[in-house]
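Asker: One structure, pasted below without further comment.
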Amino acid sequence: MNKQALNPYLPSWEYIPDGEPYVFDGRVYVYGSHDLFNGYVFCMGDYVCWSAPTDDLGNWRYEGVIYPRNEDPMNKAGKMCLYAPDVTVGPDGRYYLYYVLDKISVISVAVCDTPAGKYEFYGYVHYPDGTRLGEREGDEPQFDPGVLTEGDVTYLYSGFCGRGDKSRTGSKVVTLAPDMLTVTSGPQLVLPGCEYSAGTEFEGHAFFEASSIRRVGDKYCFIYSSEVMHELCYAMSDSPLGGFTYGGVLISNSDLHIDSYKPADLPMGMGANNHGSIVMINNDWYIFYHRHTNGTWFSRQGCAEKLTLTEDGRFPQVEMTSCGLNGGPLEGRGEYPAYLACNLFTKKHDLYVGDPYAPKIVQDGKDGDEETGYIANMNDGATAGFKYFDCKGITKFAVTIRGYAHGSFEVRTEWDGEVLATIKVDSSNVWETYETDINIPDGINAIYLTYCGGGTAMLKSFTLG
């Protein structure tokens with residue numbers, strides 16, 4: 001039997017943000033940067049890859065390190081980080097990985113004969129005269145490459161546009177020769193940054209970073225992180241070289257704009273930057289994105305949600321869930337780890353990560369230890385939300401916690417709904433389980449757990465029975 005697919009889709013001790021998903025030979029491969037648990041900057045790890053069968057999206061396989069950070073000739077000492085990469089299949093059938101080092105403004109390329117083998121350094125993207133892209137007078141620094149190959153032509157997108165910096169204009173595209181390195185046209189602007197978006201349809205959702213490109217039918221879909229950072233937006237065009245029109249928001253890692261279960265302007269998670277892309281799996285489209293853990297910007301985890309492509313070619317925004325790639329709700333029975341929380345907020349409903357006392361997803365041990373994540377800092381009024389479960393005949397509910405907590409957990413199926421049960425908990429140095437009777441309505445439900453009382457609890461899991 002296939003495993004249930006959970007969100008985040010990788011083990012709780014793995015931190016792979018900036019996910020670029022692709023389907024090769026019946027498997028989904030995700031390429032991203034590599035954060036560390038308790039990291040102090042972005043992207044401190046080597047590039048690793050994970051993959052899953054397209055017919056079993058809960059069964060992810062670790063493919064190992066595909067490219068160490070010191071493989072690049074400019075980073076032999078390993079002092080620079082590998083920022084968000086992208087991968088494409090070249091005209092020769094090989095797999096090309098494009099990336100930027102954190103202190104270098106040019107694009108490096110590595111190559112491999114298989115999707116997740118050992119990539120070897122190949123060269124730097126350059127103009128016909130040998131000048132590297134990003135170093136010619138008038139070039140903007142390269143950042144977050146996104147890449148698409150059609151026939152003998154490869155389209156390479158790049159850009160970063162912070163507020164107040166008028167030297168950065170937006171995301172730009174160049175075309176590459178079949179050698180995958182030589183620029184044959186461009187750079188030319190495809191999407192404006194916030195300093196140049198006034199009066200355009202992109203104003204308020206202007207390009208910030210995270211260029212990504214996909215073919216959707218006979219259209220080109222450009223996915224990007226907007227100026228507010230917590231959202232991934234998209235734009236559509238008939239051409240990969242320009243003419244993009246704003247499509248809307250695909251996902252927000254604060255669930256802002258979603259009004260299906262709460263007010264549209266109410267954040268239900270503490271977000272920050274976002275990066276990802278879309279992929280078709282078994283005739284369904286999915287958006288891959290990331291969330292933030294450990295109360296910082298630097299320990300991000302990959303998540304995914306199913307999209308709907310409307311008849312008029314639009315992707316309406318989807319909400320964050322705990323079931324992601326599962327194709328539907330999770331089984332409404334059994335024990336579920338607390339790190340699956342897709343909503344995590346306090347009475348303040350902060351939009352961005354930053355409050356040191358706010359609840360956060362953490363793990364024991366150090367980075368690389370295969371320790372199941374849990375939620376720390378469950379203070380008075382802190383709420384963890386989990387969506388969705390197909391419940392039937394649920395009469396018992398339990399939580400497993402530890403910490404110096406003197407209070408109770410309230411159980412709801414709506415974030416502001418009726419309290420269905422209250423579970424008293426006590427202070428403990430070890431994980432303890434507390435159970436109560438409950439009557440959860442049959443059907444598809446969310447679960448919201450709110451801590452009320454003194455001290456601080458750590459929430460490991462909950463059990464539906």
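Residues are referred to by chain and number: the chain letter is A, B, ... according to the order shown in the structure tokens, the number counts from 1 in that chain, and ligands are numbered separately from 1 in the order shown.
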Leaving out segment 306-316 of chain A and any residue of its chain fewer than 4 positions from it, which residues lie within 12 Å of it when counting only C-alpha atoms, given as JSON, numbers by chain?

Answerer: {"A": [7, 216, 217, 218, 219, 220, 221, 223, 232, 233, 234, 235, 236, 237, 245, 246, 247, 248, 249, 250, 251, 252, 257, 258, 277, 278, 279, 280, 281, 282, 283, 284, 285, 286, 287, 288, 289, 320, 321, 322, 323, 324, 325, 326, 327, 328, 329]}

Asker: Keeping N, CA and C atoms, export the residues of the selection given above as a compact mmCIF listing (two decimals), in the first residue's frame.

Answerer:
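Here's the written file part_21.txt:
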# COMPACT_ATOMS: atom_id res chain seq x y z
N ASN A 7 2.64 16.83 4.65
CA ASN A 7 3.19 18.14 4.34
C ASN A 7 3.80 18.74 5.61
N VAL A 216 2.77 25.63 -19.68
CA VAL A 216 1.43 25.19 -19.30
C VAL A 216 0.58 25.22 -20.56
N GLY A 217 0.36 24.07 -21.14
CA GLY A 217 -0.33 24.02 -22.43
C GLY A 217 0.47 24.75 -23.48
N ASP A 218 -0.16 25.72 -24.14
CA ASP A 218 0.56 26.50 -25.14
C ASP A 218 1.02 27.85 -24.60
N LYS A 219 0.99 27.99 -23.26
CA LYS A 219 1.43 29.23 -22.61
C LYS A 219 2.71 28.99 -21.82
N TYR A 220 3.37 30.10 -21.50
CA TYR A 220 4.53 30.07 -20.62
C TYR A 220 4.14 30.70 -19.29
N CYS A 221 4.40 29.98 -18.21
CA CYS A 221 4.03 30.42 -16.87
C CYS A 221 5.30 30.78 -16.11
N ILE A 223 6.82 31.85 -12.63
CA ILE A 223 6.54 31.82 -11.19
C ILE A 223 7.63 32.60 -10.48
N LEU A 232 4.09 33.39 -3.55
CA LEU A 232 4.53 33.07 -4.90
C LEU A 232 3.43 33.47 -5.86
N CYS A 233 3.80 34.27 -6.84
CA CYS A 233 2.86 34.74 -7.85
C CYS A 233 3.21 34.13 -9.20
N TYR A 234 2.34 34.37 -10.18
CA TYR A 234 2.64 33.87 -11.53
C TYR A 234 2.18 34.88 -12.56
N ALA A 235 2.78 34.77 -13.73
CA ALA A 235 2.41 35.57 -14.88
C ALA A 235 2.42 34.67 -16.11
N MET A 236 1.59 34.98 -17.09
CA MET A 236 1.44 34.14 -18.27
C MET A 236 1.78 34.92 -19.54
N SER A 237 2.28 34.19 -20.54
CA SER A 237 2.61 34.80 -21.82
C SER A 237 2.56 33.75 -22.93
N THR A 245 1.62 38.72 -18.53
CA THR A 245 0.56 39.42 -17.82
C THR A 245 0.37 38.79 -16.45
N TYR A 246 0.09 39.62 -15.47
CA TYR A 246 -0.02 39.14 -14.09
C TYR A 246 -1.20 38.19 -13.93
N GLY A 247 -0.95 37.04 -13.28
CA GLY A 247 -1.98 36.04 -13.10
C GLY A 247 -2.59 36.05 -11.72
N GLY A 248 -1.77 36.27 -10.68
CA GLY A 248 -2.27 36.25 -9.32
C GLY A 248 -1.32 35.56 -8.38
N VAL A 249 -1.78 35.31 -7.17
CA VAL A 249 -1.00 34.62 -6.15
C VAL A 249 -1.31 33.13 -6.22
N LEU A 250 -0.27 32.31 -6.18
CA LEU A 250 -0.44 30.86 -6.15
C LEU A 250 -0.54 30.34 -4.71
N ILE A 251 0.34 30.83 -3.84
CA ILE A 251 0.43 30.36 -2.46
C ILE A 251 1.07 31.45 -1.62
N SER A 252 0.66 31.56 -0.38
CA SER A 252 1.32 32.43 0.60
C SER A 252 1.69 31.58 1.80
N HIS A 257 -4.59 36.43 1.98
CA HIS A 257 -5.50 36.53 0.84
C HIS A 257 -6.55 35.42 0.82
N ILE A 258 -6.28 34.28 1.44
CA ILE A 258 -7.26 33.19 1.47
C ILE A 258 -8.44 33.59 2.35
N SER A 277 8.03 26.32 -7.45
CA SER A 277 7.53 26.27 -8.81
C SER A 277 6.41 25.25 -8.92
N ILE A 278 5.90 25.08 -10.13
CA ILE A 278 4.79 24.18 -10.38
C ILE A 278 5.26 22.99 -11.20
N VAL A 279 4.50 21.90 -11.10
CA VAL A 279 4.80 20.70 -11.88
C VAL A 279 3.50 19.93 -12.07
N MET A 280 3.38 19.26 -13.21
CA MET A 280 2.24 18.39 -13.43
C MET A 280 2.62 16.97 -13.06
N ILE A 281 1.83 16.36 -12.17
CA ILE A 281 2.03 14.97 -11.75
C ILE A 281 0.71 14.25 -11.94
N ASN A 282 0.71 13.23 -12.77
CA ASN A 282 -0.52 12.45 -13.02
C ASN A 282 -1.68 13.35 -13.43
N ASN A 283 -1.41 14.28 -14.33
CA ASN A 283 -2.42 15.18 -14.90
C ASN A 283 -2.94 16.23 -13.92
N ASP A 284 -2.34 16.32 -12.74
CA ASP A 284 -2.69 17.37 -11.79
C ASP A 284 -1.51 18.30 -11.58
N TRP A 285 -1.80 19.60 -11.45
CA TRP A 285 -0.75 20.57 -11.18
C TRP A 285 -0.56 20.76 -9.68
N TYR A 286 0.69 20.94 -9.27
CA TYR A 286 1.04 21.18 -7.87
C TYR A 286 1.98 22.37 -7.78
N ILE A 287 1.89 23.10 -6.69
CA ILE A 287 2.84 24.17 -6.39
C ILE A 287 3.73 23.71 -5.25
N PHE A 288 5.03 23.77 -5.47
CA PHE A 288 6.02 23.48 -4.43
C PHE A 288 6.52 24.81 -3.89
N TYR A 289 6.62 24.93 -2.58
CA TYR A 289 7.01 26.17 -1.92
C TYR A 289 7.74 25.81 -0.63
N MET A 320 -2.56 26.66 2.52
CA MET A 320 -1.60 25.71 3.07
C MET A 320 -2.36 24.60 3.79
N THR A 321 -1.90 23.36 3.63
CA THR A 321 -2.52 22.23 4.29
C THR A 321 -1.45 21.31 4.88
N SER A 322 -1.93 20.32 5.62
CA SER A 322 -1.05 19.28 6.15
C SER A 322 -1.05 18.04 5.27
N CYS A 323 -1.90 18.05 4.24
CA CYS A 323 -2.03 16.85 3.40
C CYS A 323 -1.43 17.02 2.01
N GLY A 324 -1.14 18.24 1.57
CA GLY A 324 -0.37 18.52 0.37
C GLY A 324 -0.52 17.58 -0.80
N LEU A 325 0.49 16.72 -1.00
CA LEU A 325 0.55 15.82 -2.14
C LEU A 325 -0.35 14.60 -1.99
N ASN A 326 -1.08 14.50 -0.90
CA ASN A 326 -1.87 13.30 -0.64
C ASN A 326 -3.04 13.13 -1.61
N GLY A 327 -3.42 14.22 -2.26
CA GLY A 327 -4.53 14.14 -3.19
C GLY A 327 -5.88 14.24 -2.52
N GLY A 328 -5.91 14.41 -1.22
CA GLY A 328 -7.14 14.51 -0.45
C GLY A 328 -6.80 14.51 1.02
N PRO A 329 -7.81 14.51 1.88
CA PRO A 329 -7.56 14.58 3.32
C PRO A 329 -6.83 13.35 3.84

Asker: Run DSSP on the backbone of this structure and report the residues of segment 284-361 of chain A it assigns to strand (DSSP E), as a PDB file with C-alpha atoms, in the first residue's frame.

Answerer:
ATOM      1  CA  ASP A 284      -2.690  17.369 -11.786  1.00  0.00           C
ATOM      2  CA  TRP A 285      -0.748  20.575 -11.184  1.00  0.00           C
ATOM      3  CA  TYR A 286       1.036  21.178  -7.868  1.00  0.00           C
ATOM      4  CA  ILE A 287       2.835  24.174  -6.389  1.00  0.00           C
ATOM      5  CA  PHE A 288       6.020  23.479  -4.433  1.00  0.00           C
ATOM      6  CA  TYR A 289       7.011  26.167  -1.917  1.00  0.00           C
ATOM      7  CA  HIS A 290       8.647  26.421   1.511  1.00  0.00           C
ATOM      8  CA  ARG A 291       7.788  27.321   5.098  1.00  0.00           C
ATOM      9  CA  HIS A 292       9.960  28.575   7.967  1.00  0.00           C
ATOM     10  CA  ARG A 300      13.159  26.259   5.713  1.00  0.00           C
ATOM     11  CA  GLN A 301      11.255  23.143   4.673  1.00  0.00           C
ATOM     12  CA  GLY A 302       9.654  22.178   1.387  1.00  0.00           C
ATOM     13  CA  CYS A 303       5.860  21.867   1.139  1.00  0.00           C
ATOM     14  CA  ALA A 304       3.476  21.320  -1.769  1.00  0.00           C
ATOM     15  CA  GLU A 305      -0.207  21.878  -2.559  1.00  0.00           C
ATOM     16  CA  LYS A 306      -2.503  20.756  -5.349  1.00  0.00           C
ATOM     17  CA  LEU A 330      -5.525  12.403   5.656  1.00  0.00           C
ATOM     18  CA  GLU A 331      -7.088   9.456   7.430  1.00  0.00           C
ATOM     19  CA  GLY A 332      -9.073  10.806  10.363  1.00  0.00           C
ATOM     20  CA  GLY A 334      -4.383   7.644  14.552  1.00  0.00           C
ATOM     21  CA  GLU A 335      -1.418   9.668  15.778  1.00  0.00           C
ATOM     22  CA  TYR A 336      -0.035  12.597  13.796  1.00  0.00           C
ATOM     23  CA  PRO A 337       3.180  14.551  14.552  1.00  0.00           C
ATOM     24  CA  ASN A 343      -1.254  27.112  10.662  1.00  0.00           C
ATOM     25  CA  LEU A 344       0.739  28.374  13.635  1.00  0.00           C
ATOM     26  CA  PHE A 345      -0.109  31.669  15.273  1.00  0.00           C
ATOM     27  CA  LYS A 360       7.919  27.387  16.314  1.00  0.00           C
ATOM     28  CA  ILE A 361       8.683  24.012  14.769  1.00  0.00           C
TER      29      ILE A 361
END

Asker: From a backbone DSSP assignment, name each residue in segment 174-418 of chain A labelled helix (DSSP H, G or I), as an mmCIF file with C-alpha atoms, in the first residue's frame.

Answerer:
data_model
loop_
_atom_site.group_PDB
_atom_site.id
_atom_site.type_symbol
_atom_site.label_atom_id
_atom_site.label_comp_id
_atom_site.auth_asym_id
_atom_site.auth_seq_id
_atom_site.Cartn_x
_atom_site.Cartn_y
_atom_site.Cartn_z
ATOM 1 C CA CYS A 194 9.034 47.028 -7.217
ATOM 2 C CA GLU A 195 11.022 50.160 -8.087
ATOM 3 C CA TYR A 196 9.640 50.047 -11.632
ATOM 4 C CA GLY A 324 -0.368 18.522 0.370
ATOM 5 C CA LEU A 325 0.547 15.819 -2.138
ATOM 6 C CA ASN A 326 -1.871 13.297 -0.639
ATOM 7 C CA ALA A 338 2.798 18.196 15.467
ATOM 8 C CA TYR A 339 5.331 19.365 12.860
ATOM 9 C CA LEU A 340 2.556 18.890 10.265
#

Asker: Let me make sure I understand: among A:His230, A:Arg61, A:His275, A:Arg412, which one has the smallest atom-to-atom distance to Leu256 of chain A if we use only C-alpha atoms?

Answerer: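 Once distances to Leu256 of chain A are computed over only C-alpha atoms, the minimum belongs to A:His230.
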
Asker: Could you name the residues that touch segment 442-452 of chain A at 6 Å or less, counting only C-alpha atoms, but leaving out those on the same chain fewer than 3 positions away, as a list in words?

Answerer: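 Within the cut-off, the hits are Asp380, Gly381, Ala382, Thr383, Ala384, Gly385, Phe386, Lys387, Tyr388, Phe389, Asp390, Cys391, Lys392, Gly407, Ser408, Phe409, Glu410, Val411, Arg412, Thr413 and Trp415 of chain A.
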
Asker: The selected residues should be written to file as a short mmCIF file (atom, residue, chain, number, x, y, z; two decimals), in the first residue's frame (atoms: N, CA and C atoms).

Answerer:
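Okay, result.cif is ready:
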data_model
loop_
_atom_site.label_atom_id
_atom_site.label_comp_id
_atom_site.auth_asym_id
_atom_site.auth_seq_id
_atom_site.Cartn_x
_atom_site.Cartn_y
_atom_site.Cartn_z
N ASP A 380 0.42 30.77 26.26
CA ASP A 380 -1.01 31.05 26.38
C ASP A 380 -1.53 31.71 25.11
N GLY A 381 -2.53 31.09 24.49
CA GLY A 381 -3.14 31.63 23.28
C GLY A 381 -2.51 31.14 21.99
N ALA A 382 -1.39 30.41 22.05
CA ALA A 382 -0.76 29.88 20.84
C ALA A 382 -1.63 28.78 20.25
N THR A 383 -1.77 28.79 18.92
CA THR A 383 -2.64 27.83 18.23
C THR A 383 -1.89 27.15 17.10
N ALA A 384 -2.05 25.84 17.02
CA ALA A 384 -1.52 25.05 15.91
C ALA A 384 -2.69 24.45 15.15
N GLY A 385 -2.69 24.63 13.82
CA GLY A 385 -3.78 24.13 12.99
C GLY A 385 -3.30 23.07 12.02
N PHE A 386 -4.14 22.06 11.80
CA PHE A 386 -3.81 20.93 10.93
C PHE A 386 -5.00 20.69 10.00
N LYS A 387 -4.74 20.61 8.69
CA LYS A 387 -5.81 20.45 7.70
C LYS A 387 -5.36 19.46 6.62
N TYR A 388 -6.17 18.54 6.23
CA TYR A 388 -7.51 18.18 6.67
C TYR A 388 -7.54 16.69 6.97
N PHE A 389 -8.60 16.23 7.67
CA PHE A 389 -8.73 14.83 8.07
C PHE A 389 -10.14 14.36 7.75
N ASP A 390 -10.24 13.15 7.24
CA ASP A 390 -11.53 12.53 6.95
C ASP A 390 -11.95 11.73 8.18
N CYS A 391 -12.76 12.33 9.00
CA CYS A 391 -13.08 11.77 10.32
C CYS A 391 -14.38 10.96 10.28
N LYS A 392 -14.40 9.91 11.07
CA LYS A 392 -15.61 9.10 11.22
C LYS A 392 -15.57 8.40 12.57
N GLY A 407 -1.80 24.12 32.39
CA GLY A 407 -3.00 24.62 31.72
C GLY A 407 -3.72 23.53 30.97
N SER A 408 -4.20 23.87 29.77
CA SER A 408 -4.98 22.91 29.00
C SER A 408 -4.89 23.24 27.51
N PHE A 409 -5.25 22.25 26.71
CA PHE A 409 -5.37 22.43 25.26
C PHE A 409 -6.85 22.38 24.89
N GLU A 410 -7.27 23.39 24.15
CA GLU A 410 -8.63 23.40 23.61
C GLU A 410 -8.60 22.84 22.19
N VAL A 411 -9.59 22.01 21.87
CA VAL A 411 -9.67 21.36 20.56
C VAL A 411 -10.85 21.94 19.78
N ARG A 412 -10.59 22.39 18.57
CA ARG A 412 -11.62 22.92 17.69
C ARG A 412 -11.45 22.32 16.29
N THR A 413 -12.49 22.43 15.49
CA THR A 413 -12.37 22.09 14.07
C THR A 413 -12.39 23.33 13.18
N TRP A 415 -10.72 27.52 13.43
CA TRP A 415 -9.77 28.28 14.25
C TRP A 415 -10.46 29.16 15.29
#

Asker: Please provide the set of residues having any atom within 10 Å of segment 89-104 of chain A, restricted to only C-alpha atoms, with same-chain residues fewer than 5 positions apart removed, written as a ChimeraX atom specification.

Answerer: /A:24,31,33,42-43,67,69,72,74-75,79-84,109-117,119-125,134,141-154,156,158,177-180

Asker: Write the residues of the selection above to a file with C-alpha atoms, as a PDB file, in the first residue's frame.

Answerer:
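And here is the file that came out, selection.pdb:
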ATOM      1  CA  PHE A  24      11.738  12.361 -15.124  1.00  0.00           C
ATOM      2  CA  TYR A  31      16.077  20.326  -6.618  1.00  0.00           C
ATOM      3  CA  SER A  33      19.047  24.810  -1.873  1.00  0.00           C
ATOM      4  CA  PHE A  42      20.621  30.650   4.229  1.00  0.00           C
ATOM      5  CA  CYS A  43      21.730  27.647   2.188  1.00  0.00           C
ATOM      6  CA  TYR A  67      26.865  18.587  -5.875  1.00  0.00           C
ATOM      7  CA  ARG A  69      29.599  23.505  -2.579  1.00  0.00           C
ATOM      8  CA  ASP A  72      32.914  25.196  -8.104  1.00  0.00           C
ATOM      9  CA  MET A  74      35.596  29.815  -7.329  1.00  0.00           C
ATOM     10  CA  ASN A  75      34.603  28.109  -4.075  1.00  0.00           C
ATOM     11  CA  LYS A  79      33.292  29.520   2.199  1.00  0.00           C
ATOM     12  CA  MET A  80      30.390  30.519  -0.038  1.00  0.00           C
ATOM     13  CA  CYS A  81      26.872  29.088   0.016  1.00  0.00           C
ATOM     14  CA  LEU A  82      25.021  27.492  -2.881  1.00  0.00           C
ATOM     15  CA  TYR A  83      21.898  29.544  -3.511  1.00  0.00           C
ATOM     16  CA  ALA A  84      18.698  28.299  -5.171  1.00  0.00           C
ATOM     17  CA  VAL A 109      26.655  25.406 -14.482  1.00  0.00           C
ATOM     18  CA  ALA A 110      27.187  21.762 -13.584  1.00  0.00           C
ATOM     19  CA  VAL A 111      26.220  18.696 -15.632  1.00  0.00           C
ATOM     20  CA  CYS A 112      25.281  15.057 -15.085  1.00  0.00           C
ATOM     21  CA  ASP A 113      24.137  12.121 -17.225  1.00  0.00           C
ATOM     22  CA  THR A 114      21.293  11.253 -14.826  1.00  0.00           C
ATOM     23  CA  PRO A 115      18.786  13.349 -12.845  1.00  0.00           C
ATOM     24  CA  ALA A 116      20.339  12.722  -9.422  1.00  0.00           C
ATOM     25  CA  GLY A 117      23.856  11.484 -10.010  1.00  0.00           C
ATOM     26  CA  TYR A 119      27.042  16.633 -11.061  1.00  0.00           C
ATOM     27  CA  GLU A 120      30.387  17.958 -12.272  1.00  0.00           C
ATOM     28  CA  PHE A 121      31.307  21.585 -12.799  1.00  0.00           C
ATOM     29  CA  TYR A 122      30.843  22.550 -16.447  1.00  0.00           C
ATOM     30  CA  GLY A 123      31.436  26.293 -16.781  1.00  0.00           C
ATOM     31  CA  TYR A 124      30.034  29.811 -16.414  1.00  0.00           C
ATOM     32  CA  VAL A 125      27.328  31.412 -18.519  1.00  0.00           C
ATOM     33  CA  GLY A 134      26.715  39.546 -14.855  1.00  0.00           C
ATOM     34  CA  PRO A 141      24.050  40.807 -10.752  1.00  0.00           C
ATOM     35  CA  GLN A 142      22.766  37.299 -11.432  1.00  0.00           C
ATOM     36  CA  PHE A 143      20.558  35.595  -8.834  1.00  0.00           C
ATOM     37  CA  ASP A 144      18.156  32.636  -8.558  1.00  0.00           C
ATOM     38  CA  PRO A 145      18.422  31.272 -12.113  1.00  0.00           C
ATOM     39  CA  GLY A 146      15.354  29.676 -13.666  1.00  0.00           C
ATOM     40  CA  VAL A 147      15.777  27.679 -16.857  1.00  0.00           C
ATOM     41  CA  LEU A 148      13.736  26.077 -19.652  1.00  0.00           C
ATOM     42  CA  THR A 149      15.018  24.213 -22.714  1.00  0.00           C
ATOM     43  CA  GLU A 150      12.982  23.825 -25.891  1.00  0.00           C
ATOM     44  CA  GLY A 151      14.746  22.137 -28.786  1.00  0.00           C
ATOM     45  CA  ASP A 152      18.178  23.705 -29.192  1.00  0.00           C
ATOM     46  CA  VAL A 153      17.283  26.894 -27.307  1.00  0.00           C
ATOM     47  CA  THR A 154      17.564  27.364 -23.548  1.00  0.00           C
ATOM     48  CA  LEU A 156      17.652  31.463 -18.683  1.00  0.00           C
ATOM     49  CA  SER A 158      17.631  35.698 -13.344  1.00  0.00           C
ATOM     50  CA  ALA A 177      23.279  28.202 -27.436  1.00  0.00           C
ATOM     51  CA  PRO A 178      23.137  24.379 -27.471  1.00  0.00           C
ATOM     52  CA  ASP A 179      26.394  24.367 -25.488  1.00  0.00           C
ATOM     53  CA  MET A 180      24.225  25.555 -22.533  1.00  0.00           C
TER      54      MET A 180
END

Asker: Could you tell me how far atom CA of Phe397 of chain A sits from atom CA of Thr463 of chain A, in Å to one decimal place?

Answerer: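 That distance, rounded to one decimal, is 5.6 Å.
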
Asker: Between A:Thr131, A:Ser171, A:Asn274, A:Ser254, which has the minimum distance to Val183 of chain A (counting only C-alpha atoms)?

Answerer: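 Looking only at the distances to Val183 of chain A, the closest residue turns out to be A:Thr131.
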
Asker: A:Thr436, A:Asn2, A:Ser428, A:Asn70: which is nearest Pro53 of chain A, counting only C-alpha atoms?

Answerer: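 Nearest candidate to Pro53 of chain A out of A:Thr436, A:Asn2, A:Ser428, A:Asn70: A:Asn2.
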